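So this block is coords.cif, mmCIF, C-alpha atoms:
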data_upload
#
loop_
_atom_site.label_atom_id
_atom_site.label_comp_id
_atom_site.auth_asym_id
_atom_site.auth_seq_id
_atom_site.Cartn_x
_atom_site.Cartn_y
_atom_site.Cartn_z
CA MET W 1 6.68 -14.44 21.60
CA LYS W 2 6.75 -10.70 22.10
CA ARG W 3 3.72 -8.50 21.48
CA VAL W 4 4.44 -6.22 18.50
CA GLY W 5 2.80 -2.94 17.56
CA ILE W 6 3.17 0.24 15.54
CA ILE W 7 4.83 3.01 17.57
CA GLY W 8 5.18 5.64 14.84
CA ILE W 9 3.73 6.45 11.41
CA GLY W 10 4.41 8.95 8.63
CA GLU W 11 3.51 9.68 5.04
CA TYR W 12 4.64 11.71 2.06
CA LEU W 13 2.53 12.68 -0.95
CA PRO W 14 3.93 14.73 -3.86
CA LYS W 15 2.71 18.31 -4.10
CA ARG W 16 1.73 18.02 -7.76
CA ILE W 17 -1.94 17.05 -8.20
CA LEU W 18 -3.46 15.62 -11.37
CA THR W 19 -7.23 16.08 -11.49
CA ASN W 20 -9.86 14.35 -13.57
CA GLN W 21 -10.25 17.61 -15.47
CA ASP W 22 -6.54 17.43 -16.36
CA LEU W 23 -7.06 13.90 -17.65
CA GLU W 24 -9.95 15.06 -19.83
CA LYS W 25 -7.35 17.02 -21.81
CA MET W 26 -5.08 13.98 -22.19
CA VAL W 27 -7.39 11.08 -23.10
CA ASP W 28 -11.00 10.46 -24.11
CA THR W 29 -12.57 10.47 -20.66
CA SER W 30 -14.56 12.66 -18.30
CA ASP W 31 -14.66 13.55 -14.65
CA GLU W 32 -18.13 11.99 -14.37
CA TRP W 33 -16.99 8.71 -15.99
CA ILE W 34 -13.95 8.39 -13.71
CA ALA W 35 -15.71 9.40 -10.49
CA THR W 36 -18.73 7.14 -11.12
CA ARG W 37 -16.67 4.05 -11.87
CA THR W 38 -13.78 4.49 -9.45
CA GLY W 39 -14.57 7.18 -6.87
CA ILE W 40 -11.37 9.03 -7.82
CA LYS W 41 -11.28 12.80 -8.37
CA GLU W 42 -7.54 13.49 -8.21
CA ARG W 43 -4.17 11.87 -7.53
CA HIS W 44 -0.66 12.98 -6.51
CA ILE W 45 2.11 12.74 -9.12
CA VAL W 46 5.87 13.11 -8.60
CA SER W 47 7.71 16.18 -9.82
CA ASN W 48 11.11 16.17 -11.52
CA GLY W 49 13.76 14.70 -9.23
CA GLU W 50 11.29 12.70 -7.13
CA ALA W 51 11.18 8.92 -7.18
CA THR W 52 10.23 6.02 -4.92
CA ALA W 53 13.31 6.21 -2.67
CA SER W 54 13.04 9.96 -2.09
CA MET W 55 9.37 9.67 -1.13
CA ALA W 56 10.09 6.63 1.06
CA GLU W 57 12.82 8.54 2.87
CA LYS W 58 10.52 11.47 3.66
CA ALA W 59 7.76 9.20 4.95
CA ALA W 60 10.32 7.28 7.02
CA ARG W 61 11.65 10.46 8.63
CA HIS W 62 8.12 11.41 9.70
CA ALA W 63 7.58 7.93 11.15
CA LEU W 64 10.86 8.03 13.08
CA GLU W 65 9.95 11.44 14.47
CA ASP W 66 6.52 10.15 15.48
CA ALA W 67 8.11 7.11 17.16
CA LYS W 68 10.63 9.35 18.92
CA ILE W 69 13.59 7.19 17.97
CA LYS W 70 16.73 7.80 15.90
CA ALA W 71 17.66 6.20 12.60
CA LEU W 72 20.57 4.46 14.31
CA ASP W 73 18.05 2.59 16.48
CA ILE W 74 16.51 0.84 13.47
CA ASP W 75 17.54 -2.82 13.09
CA LEU W 76 15.52 -3.67 9.97
CA ILE W 77 14.15 -1.79 6.97
CA ILE W 78 11.60 -3.41 4.65
CA VAL W 79 10.27 -1.48 1.66
CA ALA W 80 7.19 -2.76 -0.18
CA THR W 81 7.23 -1.49 -3.76
CA ILE W 82 6.66 -2.55 -7.37
CA THR W 83 8.28 0.63 -8.68
CA PRO W 84 11.81 0.72 -7.24
CA ASP W 85 14.21 3.40 -8.44
CA MET W 86 16.10 0.66 -10.30
CA PRO W 87 16.13 -3.17 -10.39
CA PHE W 88 18.89 -3.17 -7.77
CA PRO W 89 20.06 -2.13 -5.25
CA SER W 90 16.94 -2.12 -3.10
CA VAL W 91 15.05 1.02 -2.16
CA ALA W 92 15.59 -0.09 1.45
CA SER W 93 19.36 0.10 0.95
CA ILE W 94 19.12 3.57 -0.55
CA ILE W 95 17.05 5.00 2.29
CA GLN W 96 19.20 3.24 4.89
CA HIS W 97 22.13 5.34 3.67
CA ASN W 98 20.11 8.55 3.35
CA LEU W 99 18.61 8.16 6.82
CA GLY W 100 21.91 7.15 8.42
CA ALA W 101 20.39 3.89 9.69
CA ARG W 102 23.65 2.02 9.22
CA HIS W 103 22.81 -0.74 11.73
CA ALA W 104 19.77 -1.91 9.76
CA ALA W 105 19.41 -5.00 7.59
CA CYS W 106 17.58 -4.04 4.39
CA PHE W 107 15.46 -5.56 1.66
CA ASP W 108 12.50 -4.83 -0.63
CA ILE W 109 9.46 -7.01 -1.23
CA SER W 110 7.16 -7.13 -4.27
CA ALA W 111 3.58 -7.85 -3.23
CA ALA W 112 1.86 -5.10 -5.21
CA CYS W 113 -1.14 -3.52 -3.48
CA ALA W 114 -0.90 -5.92 -0.52
CA GLY W 115 2.76 -4.99 -0.07
CA PHE W 116 2.46 -3.01 3.14
CA VAL W 117 0.41 -5.72 4.87
CA TYR W 118 2.94 -8.33 3.72
CA ALA W 119 5.89 -6.24 4.96
CA LEU W 120 4.14 -5.51 8.25
CA SER W 121 3.63 -9.22 8.87
CA ILE W 122 7.26 -10.04 8.02
CA ALA W 123 8.63 -7.34 10.32
CA GLN W 124 6.34 -8.50 13.12
CA GLN W 125 7.94 -11.97 13.04
CA PHE W 126 11.47 -10.61 13.42
CA ILE W 127 10.52 -8.54 16.45
CA ALA W 128 8.24 -11.14 18.04
CA CYS W 129 11.06 -13.69 17.92
CA GLY W 130 13.52 -11.25 19.47
CA THR W 131 15.79 -11.02 16.42
CA TYR W 132 15.35 -7.24 16.13
CA LYS W 133 14.07 -4.46 18.39
CA PHE W 134 12.95 -1.77 15.92
CA ALA W 135 11.78 -2.24 12.33
CA LEU W 136 10.92 0.38 9.73
CA VAL W 137 8.26 -0.74 7.24
CA VAL W 138 7.61 1.42 4.17
CA GLY W 139 5.12 1.25 1.32
CA ALA W 140 6.19 3.52 -1.56
CA GLU W 141 5.24 3.77 -5.23
CA THR W 142 5.85 5.90 -8.30
CA LEU W 143 3.09 4.37 -10.39
CA SER W 144 3.04 7.36 -12.74
CA ALA W 145 6.32 6.00 -14.16
CA VAL W 146 4.65 2.75 -15.28
CA THR W 147 1.24 4.14 -16.25
CA ASP W 148 0.30 4.33 -19.93
CA TRP W 149 -1.03 7.86 -20.18
CA GLU W 150 -2.64 6.97 -23.53
CA ASP W 151 -4.76 4.17 -22.03
CA ARG W 152 -7.91 5.72 -20.62
CA ASN W 153 -8.89 2.54 -18.78
CA THR W 154 -5.79 2.51 -16.56
CA CYS W 155 -4.31 6.01 -16.50
CA VAL W 156 -7.22 7.35 -14.43
CA LEU W 157 -6.53 4.95 -11.57
CA PHE W 158 -3.01 5.43 -10.27
CA GLY W 159 -1.03 7.92 -8.19
CA ASP W 160 2.26 8.27 -6.30
CA GLY W 161 3.14 8.43 -2.63
CA ALA W 162 4.71 6.75 0.38
CA GLY W 163 3.88 5.81 3.94
CA ALA W 164 5.96 4.33 6.76
CA ALA W 165 5.54 2.68 10.15
CA VAL W 166 7.96 1.89 12.96
CA LEU W 167 7.36 -1.42 14.75
CA SER W 168 8.57 -2.47 18.16
CA GLU W 169 7.57 -4.53 21.17
CA VAL W 170 4.56 -3.06 22.99
CA SER W 171 3.07 -3.78 26.40
CA SER W 172 -0.53 -3.98 25.18
CA GLY W 173 -2.54 -4.05 21.97
CA GLY W 174 -0.51 -4.22 18.78
CA ILE W 175 -0.85 -6.64 15.88
CA LEU W 176 -3.36 -9.31 16.89
CA SER W 177 -3.38 -11.42 13.72
CA ALA W 178 -2.31 -11.41 10.07
CA TYR W 179 -3.32 -13.45 7.05
CA LEU W 180 -1.54 -13.54 3.68
CA GLY W 181 -2.49 -15.34 0.48
CA CYS W 182 -1.83 -15.67 -3.25
CA ASP W 183 -3.28 -17.20 -6.41
CA GLY W 184 -0.41 -17.28 -8.89
CA SER W 185 -2.61 -18.75 -11.62
CA ARG W 186 -4.06 -15.29 -12.39
CA THR W 187 -0.91 -13.25 -12.95
CA ASP W 188 -2.26 -12.36 -16.39
CA LEU W 189 -4.94 -10.07 -14.95
CA LEU W 190 -2.58 -7.33 -13.76
CA TYR W 191 1.05 -7.08 -14.82
CA ILE W 192 3.79 -5.25 -16.75
CA PRO W 193 4.87 -7.41 -19.72
CA ALA W 194 8.42 -6.15 -20.27
CA GLY W 195 11.47 -4.99 -18.37
CA GLY W 196 12.43 -8.25 -16.65
CA SER W 197 14.66 -11.17 -17.61
CA ARG W 198 11.98 -12.88 -19.71
CA ASN W 199 11.29 -9.85 -21.88
CA PRO W 200 14.12 -7.32 -21.41
CA ALA W 201 13.89 -3.76 -22.64
CA SER W 202 14.35 -3.32 -26.37
CA LYS W 203 13.33 -0.94 -29.12
CA TYR W 204 10.34 -3.22 -29.79
CA THR W 205 9.10 -3.40 -26.18
CA VAL W 206 9.30 0.37 -25.86
CA GLU W 207 7.53 1.03 -29.16
CA THR W 208 4.75 -1.44 -28.30
CA ARG W 209 4.28 0.11 -24.83
CA GLN W 210 5.01 -3.10 -22.92
CA HIS W 211 6.63 -1.32 -19.98
CA TYR W 212 3.28 -0.06 -18.70
CA ILE W 213 0.59 -1.59 -16.47
CA LYS W 214 -1.84 -3.93 -18.26
CA MET W 215 -5.06 -4.76 -16.45
CA GLN W 216 -8.31 -6.70 -16.94
CA GLY W 217 -10.45 -4.58 -14.64
CA ASN W 218 -13.80 -6.36 -14.86
CA GLU W 219 -12.37 -9.75 -13.89
CA LEU W 220 -10.27 -8.21 -11.11
CA PHE W 221 -13.30 -6.47 -9.62
CA LYS W 222 -15.12 -9.74 -8.91
CA ILE W 223 -12.06 -11.51 -7.52
CA ALA W 224 -11.07 -8.54 -5.35
CA VAL W 225 -14.49 -8.36 -3.67
CA LYS W 226 -14.54 -12.11 -2.97
CA THR W 227 -10.93 -12.31 -1.78
CA MET W 228 -10.96 -9.23 0.44
CA THR W 229 -14.19 -10.42 2.05
CA GLU W 230 -12.72 -13.85 2.79
CA ALA W 231 -9.42 -12.41 4.06
CA ALA W 232 -11.27 -10.16 6.51
CA GLU W 233 -13.32 -13.07 7.80
CA ILE W 234 -10.27 -15.29 8.27
CA VAL W 235 -8.06 -12.73 10.00
CA LEU W 236 -10.80 -11.73 12.45
CA LYS W 237 -11.45 -15.37 13.29
CA GLN W 238 -7.73 -15.81 13.97
CA ALA W 239 -7.88 -12.87 16.39
CA GLY W 240 -10.97 -14.27 18.11
CA LEU W 241 -13.02 -11.23 17.12
CA ARG W 242 -16.28 -10.46 15.33
CA PHE W 243 -17.01 -7.70 12.84
CA SER W 244 -18.97 -5.89 15.54
CA ASP W 245 -15.67 -5.54 17.43
CA VAL W 246 -14.03 -3.62 14.58
CA ASP W 247 -13.94 0.16 14.96
CA LEU W 248 -12.52 0.97 11.51
CA ILE W 249 -11.68 -0.94 8.34
CA ILE W 250 -8.85 0.51 6.27
CA PRO W 251 -8.98 -1.24 2.89
CA HIS W 252 -6.62 -0.89 -0.04
CA GLN W 253 -7.85 2.13 -1.98
CA ALA W 254 -8.20 0.63 -5.47
CA ASN W 255 -11.80 1.40 -6.36
CA ALA W 256 -14.58 2.84 -4.22
CA ARG W 257 -17.10 0.39 -5.66
CA ILE W 258 -14.92 -2.59 -4.67
CA ILE W 259 -14.48 -1.24 -1.15
CA LEU W 260 -18.18 -0.60 -0.61
CA ALA W 261 -19.09 -3.99 -2.10
CA VAL W 262 -16.75 -5.68 0.40
CA GLY W 263 -18.33 -3.70 3.24
CA LYS W 264 -21.81 -4.74 2.12
CA LYS W 265 -20.85 -8.43 1.98
CA LEU W 266 -19.39 -8.19 5.47
CA GLY W 267 -22.40 -6.30 6.81
CA ILE W 268 -20.22 -3.36 7.85
CA ASP W 269 -21.69 0.14 8.07
CA GLU W 270 -20.12 2.59 5.63
CA ASP W 271 -19.14 4.89 8.49
CA LYS W 272 -16.74 2.17 9.67
CA ILE W 273 -14.96 2.06 6.30
CA PHE W 274 -12.16 4.56 5.70
CA LEU W 275 -12.04 6.04 2.19
CA ASN W 276 -9.47 8.49 0.83
CA ILE W 277 -9.38 7.25 -2.76
CA GLU W 278 -11.11 10.41 -3.98
CA LYS W 279 -7.95 12.47 -3.40
CA HIS W 280 -5.21 9.88 -3.95
CA GLY W 281 -6.31 7.18 -6.35
CA ASN W 282 -4.61 3.79 -6.18
CA ILE W 283 -1.02 4.02 -4.87
CA SER W 284 -0.53 0.27 -4.54
CA SER W 285 1.67 -0.69 -1.56
CA ALA W 286 1.50 2.87 -0.22
CA SER W 287 -2.29 2.90 -0.20
CA THR W 288 -3.03 1.16 3.10
CA ILE W 289 -0.35 2.90 5.18
CA THR W 290 -1.13 6.40 3.87
CA ALA W 291 -4.81 5.78 4.61
CA LEU W 292 -3.86 4.65 8.13
CA CYS W 293 -1.83 7.84 8.61
CA GLU W 294 -4.73 10.01 7.50
CA ALA W 295 -7.22 8.14 9.67
CA VAL W 296 -5.02 8.72 12.72
CA LYS W 297 -4.39 12.39 11.90
CA GLY W 298 -8.09 12.93 11.23
CA GLY W 299 -9.11 11.56 14.61
CA ARG W 300 -10.82 8.47 13.18
CA ILE W 301 -8.65 6.20 15.34
CA LYS W 302 -8.16 6.42 19.10
CA LYS W 303 -6.23 4.33 21.59
CA GLY W 304 -7.78 0.91 22.10
CA ASP W 305 -9.60 0.84 18.75
CA ILE W 306 -9.63 -2.37 16.69
CA ILE W 307 -8.39 -1.67 13.15
CA LEU W 308 -8.68 -4.03 10.19
CA LEU W 309 -6.31 -3.60 7.22
CA ASP W 310 -7.45 -5.43 4.07
CA ALA W 311 -5.64 -5.39 0.71
CA PHE W 312 -5.61 -7.12 -2.67
CA GLY W 313 -3.37 -6.75 -5.71
CA ALA W 314 -1.35 -8.16 -8.61
CA GLY W 315 0.00 -11.64 -8.12
CA LEU W 316 -2.80 -12.15 -7.33
CA VAL W 317 -1.96 -11.49 -3.70
CA TRP W 318 -3.99 -10.47 -0.68
CA GLY W 319 -3.40 -9.72 2.95
CA ALA W 320 -5.32 -8.67 6.04
CA CYS W 321 -4.20 -7.61 9.49
CA VAL W 322 -5.95 -6.83 12.78
CA ILE W 323 -4.39 -4.20 15.01
CA LYS W 324 -5.42 -2.96 18.45
CA TRP W 325 -4.28 0.65 18.42
#

Let me see the structure of the file written as structure tokens.
Amino acid sequence: MKRVGIIGIGEYLPKRILTNQDLEKMVDTSDEWIATRTGIKERHIVSNGEATASMAEKAARHALEDAKIKALDIDLIIVATITPDMPFPSVASIIQHNLGARHAACFDISAACAGFVYALSIAQQFIACGTYKFALVVGAETLSAVTDWEDRNTCVLFGDGAGAAVLSEVSSGGILSAYLGCDGSRTDLLYIPAGGSRNPASKYTVETRQHYIKMQGNELFKIAVKTMTEAAEIVLKQAGLRFSDVDLIIPHQANARIILAVGKKLGIDEDKIFLNIEKHGNISSASTITALCEAVKGGRIKKGDIILLDAFGAGLVWGACVIKW
């Protein structure tokens, strides 16, 4: 089996910023209430003409440039998203055409906030087995399109954005281990009721606001802390490492209190936990990869560092990955 690693990364965040003060004018909330309970101060929101595929394409171009390869070199494109431009074709197919990556096989996956970790693990298998040489993995979301801006409990949480990584065989380091999981018995805790084959769009589903995210936050909080803690323990054991070996944890940016609670359970110092939720909110599958991009750009990660990705989301799904940078 070939050793597989990330050779290029890139991100794109919309220029428009929605602050907590802006939300105070829209719903019954306050900057203090939002910041205290979530750690979020602002989030990026798409402008007219922007959608998941356009953001994914821009992030992908940055990743290809960073990897110093051409779009024609890409053999596989996987896009993790729960907010595709349309039910079909896939976002991966759209960006394949726009990038000019005509040699690439393409598909999307739906694994919510753990989507990037899921897609990363899938792409790793294709390269490790020798099926493909270069894979482009993207996490991209337009959550503002499925957010109920009249629901103060959910509208404060979500943002838009995209991140991308190019994977290939590497001579050292790379992805050391990955762990994926799911508990399908709790799909009721975080979902969108309408828009699929069971409950297709109708005048009634639109009027009753069933095309927006519904969430039971208190129950999710407890499960997220427990599951992310266990996933981190399992994936490090698989890699033959201890928490003292980890240089930086990059968790899914859902809620600062969840992230810090996981760190406390694991006995990890806060300075080893990367947080950017204050400026971006929760961008689901794009969260982990955009945080990774910012950690690299900000000098928080150097060659040889051990990085732990840890994510949890609707499904309920979770995933963790250990990378030697």

From the list W:Ile127, W:Leu275, W:Ala320, W:Ala105, the nearest residue to Leu260 in chain W using only C-alpha atoms is W:Leu275

Explicit residues for the PyMOL selection byres ((chain W and resi 108) around 8) (as a list of chain:residue names): W:Ile78, W:Val79, W:Ala80, W:Thr81, W:Ser90, W:Val91, W:Ala92, W:Cys106, W:Phe107, W:Ile109, W:Ser110

Write the residues you've just listed into a file as a CSV table (one decimal), in the coordinates of the input, and include C-alpha atoms for each of them.
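The result, written out as result29.csv:
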chain,number,residue,atom,x,y,z
W,78,ILE,CA,11.6,-3.4,4.6
W,79,VAL,CA,10.3,-1.5,1.7
W,80,ALA,CA,7.2,-2.8,-0.2
W,81,THR,CA,7.2,-1.5,-3.8
W,90,SER,CA,16.9,-2.1,-3.1
W,91,VAL,CA,15.0,1.0,-2.2
W,92,ALA,CA,15.6,-0.1,1.4
W,106,CYS,CA,17.6,-4.0,4.4
W,107,PHE,CA,15.5,-5.6,1.7
W,109,ILE,CA,9.5,-7.0,-1.2
W,110,SER,CA,7.2,-7.1,-4.3

Starting from the displayed file, determine the output of the PyMOL selection byres ((chain W and resi 141) around 8) and express the residue list as an MDAnalysis selection string. chainID W and resid 52 81:84 139:140 142:143 160:162 283:286

Export C-alpha atoms of the chosen residues as a CSV table (one decimal), in the coordinates of the input?
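The result, stored in selection34.csv:
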chain,number,residue,atom,x,y,z
W,52,THR,CA,10.2,6.0,-4.9
W,81,THR,CA,7.2,-1.5,-3.8
W,82,ILE,CA,6.7,-2.6,-7.4
W,83,THR,CA,8.3,0.6,-8.7
W,84,PRO,CA,11.8,0.7,-7.2
W,139,GLY,CA,5.1,1.2,1.3
W,140,ALA,CA,6.2,3.5,-1.6
W,142,THR,CA,5.8,5.9,-8.3
W,143,LEU,CA,3.1,4.4,-10.4
W,160,ASP,CA,2.3,8.3,-6.3
W,161,GLY,CA,3.1,8.4,-2.6
W,162,ALA,CA,4.7,6.8,0.4
W,283,ILE,CA,-1.0,4.0,-4.9
W,284,SER,CA,-0.5,0.3,-4.5
W,285,SER,CA,1.7,-0.7,-1.6
W,286,ALA,CA,1.5,2.9,-0.2

Pick out the residues sitting within 12 Å of range 59-69 of chain W, and hand them over as a ChimeraX atom specification; count all atoms listed in the file, and ignore anything fewer than 3 positions along from it in its own chain. /W:5-14,52-56,72-75,77-79,92,95-96,98-101,133-141,161-168,286,289-290,293,296-297

At what distance in Å, to one decimal, does CA of Thr227 in chain W lie from CA of Lys324 in chain W? 23.0 Å

Apply the PyMOL selection byres ((chain W and resi 295) around 12) to the displayed file and report the matching residues as a PyMOL selection string. chain W and resi 9-11+247-251+272-276+288-294+296-302+305+307+325

Residue with smallest distance to Leu120 in chain W - pool W:Met1, W:Ala314, W:Leu309, W:Ile213, counting all atoms listed in the file: W:Leu309

List the neighbours of Ala261 in chain W out to 9 Å using all atoms listed in the file; skip same-chain residues closer than 5 positions along the sequence, and give me the result as a list in words.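 So the residues in contact are Val225, Ala256 and Leu266 of chain W.
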
Dump C-alpha atoms for the selected residues as a PDB file, in the coordinates of the input?
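As written to disk, selection-v8.pdb reads:
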ATOM      1  CA  VAL W 225     -14.490  -8.360  -3.670  1.00  0.00           C
ATOM      2  CA  ALA W 256     -14.580   2.840  -4.220  1.00  0.00           C
ATOM      3  CA  LEU W 266     -19.390  -8.190   5.470  1.00  0.00           C
TER       4      LEU W 266
END

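Minimum atom-to-atom distances from W:Arg242, W:Arg198, W:His252, W:Lys214 to Ile268 in chain W were compared using all atoms listed in the file, and the lowest value belongs to W:Arg242.
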
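With CA of Gln216 in chain W on one side and CA of Asp188 in chain W on the other, the separation reads 8.3 Å.
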
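For the pair CA of Glu57 in chain W and CA of Gly281 in chain W, the interatomic distance is 21.3 Å.
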
Write out, as JSON lines, each residue of range 219-259 of chain W that has an atom at most 12 Å from range 23-40 of chain W, together with the closest pair of atoms and their distance in Å to one decimal, counting only C-alpha atoms, rows going by chain and rising number.
{"residue": "W:Phe221", "atom": "CA", "partner": "W:Thr38", "partner_atom": "CA", "distance": 11.0}
{"residue": "W:Gln253", "atom": "CA", "partner": "W:Ile40", "partner_atom": "CA", "distance": 9.7}
{"residue": "W:Ala254", "atom": "CA", "partner": "W:Thr38", "partner_atom": "CA", "distance": 7.9}
{"residue": "W:Asn255", "atom": "CA", "partner": "W:Thr38", "partner_atom": "CA", "distance": 4.8}
{"residue": "W:Ala256", "atom": "CA", "partner": "W:Gly39", "partner_atom": "CA", "distance": 5.1}
{"residue": "W:Arg257", "atom": "CA", "partner": "W:Thr38", "partner_atom": "CA", "distance": 6.5}
{"residue": "W:Ile258", "atom": "CA", "partner": "W:Thr38", "partner_atom": "CA", "distance": 8.6}
{"residue": "W:Ile259", "atom": "CA", "partner": "W:Thr38", "partner_atom": "CA", "distance": 10.1}

Within 12 Å of (7.1, -14.7, 3.2), only C-alpha atoms: residues as a CSV table (one decimal) with C-alpha atoms, in the coordinates of the input?
chain,number,residue,atom,x,y,z
W,108,ASP,CA,12.5,-4.8,-0.6
W,109,ILE,CA,9.5,-7.0,-1.2
W,110,SER,CA,7.2,-7.1,-4.3
W,111,ALA,CA,3.6,-7.8,-3.2
W,115,GLY,CA,2.8,-5.0,-0.1
W,117,VAL,CA,0.4,-5.7,4.9
W,118,TYR,CA,2.9,-8.3,3.7
W,119,ALA,CA,5.9,-6.2,5.0
W,120,LEU,CA,4.1,-5.5,8.2
W,121,SER,CA,3.6,-9.2,8.9
W,122,ILE,CA,7.3,-10.0,8.0
W,123,ALA,CA,8.6,-7.3,10.3
W,124,GLN,CA,6.3,-8.5,13.1
W,125,GLN,CA,7.9,-12.0,13.0
W,126,PHE,CA,11.5,-10.6,13.4
W,179,TYR,CA,-3.3,-13.4,7.0
W,180,LEU,CA,-1.5,-13.5,3.7
W,181,GLY,CA,-2.5,-15.3,0.5
W,182,CYS,CA,-1.8,-15.7,-3.2
W,317,VAL,CA,-2.0,-11.5,-3.7
W,319,GLY,CA,-3.4,-9.7,3.0

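In this comparison, which uses all atoms listed in the file, the residue of W:His280, W:Leu316, W:Ala128, W:Asp183 approaching Val170 in chain W most closely is W:Ala128.
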
I need the residue nearest Leu157 in chain W from this list: W:Lys2, W:Lys41, W:Lys203, W:Lys15. Use only C-alpha atoms for the distance. W:Lys41

Once you add 6 Å to each side, what are the centre and edge lengths of the axis-aligned box holding all listed atoms of range 83-90 of chain W? One decimal in Å, as JSON, if you can.
{"center_x": 14.2, "center_y": 0.1, "center_z": -6.7, "size_x": 23.8, "size_y": 18.6, "size_z": 19.3}

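When all atoms listed in the file are used to compute distances to His211 in chain W, the closest of the residues W:Ser172, W:Arg43, W:Ser144, W:Ile17 turns out to be W:Ser144.
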
Determine, counting all atoms listed in the file, which protein, DNA and RNA residues have an atom within 10 Å of an atom of range 195-197 of chain W; residues of the same chain fewer than 3 positions away are not included. Present the result as a list in words. Pro87, Ile192, Pro200, Ala201, Ser202, Thr205, Val206, Gln210, His211 and Tyr212 of chain W
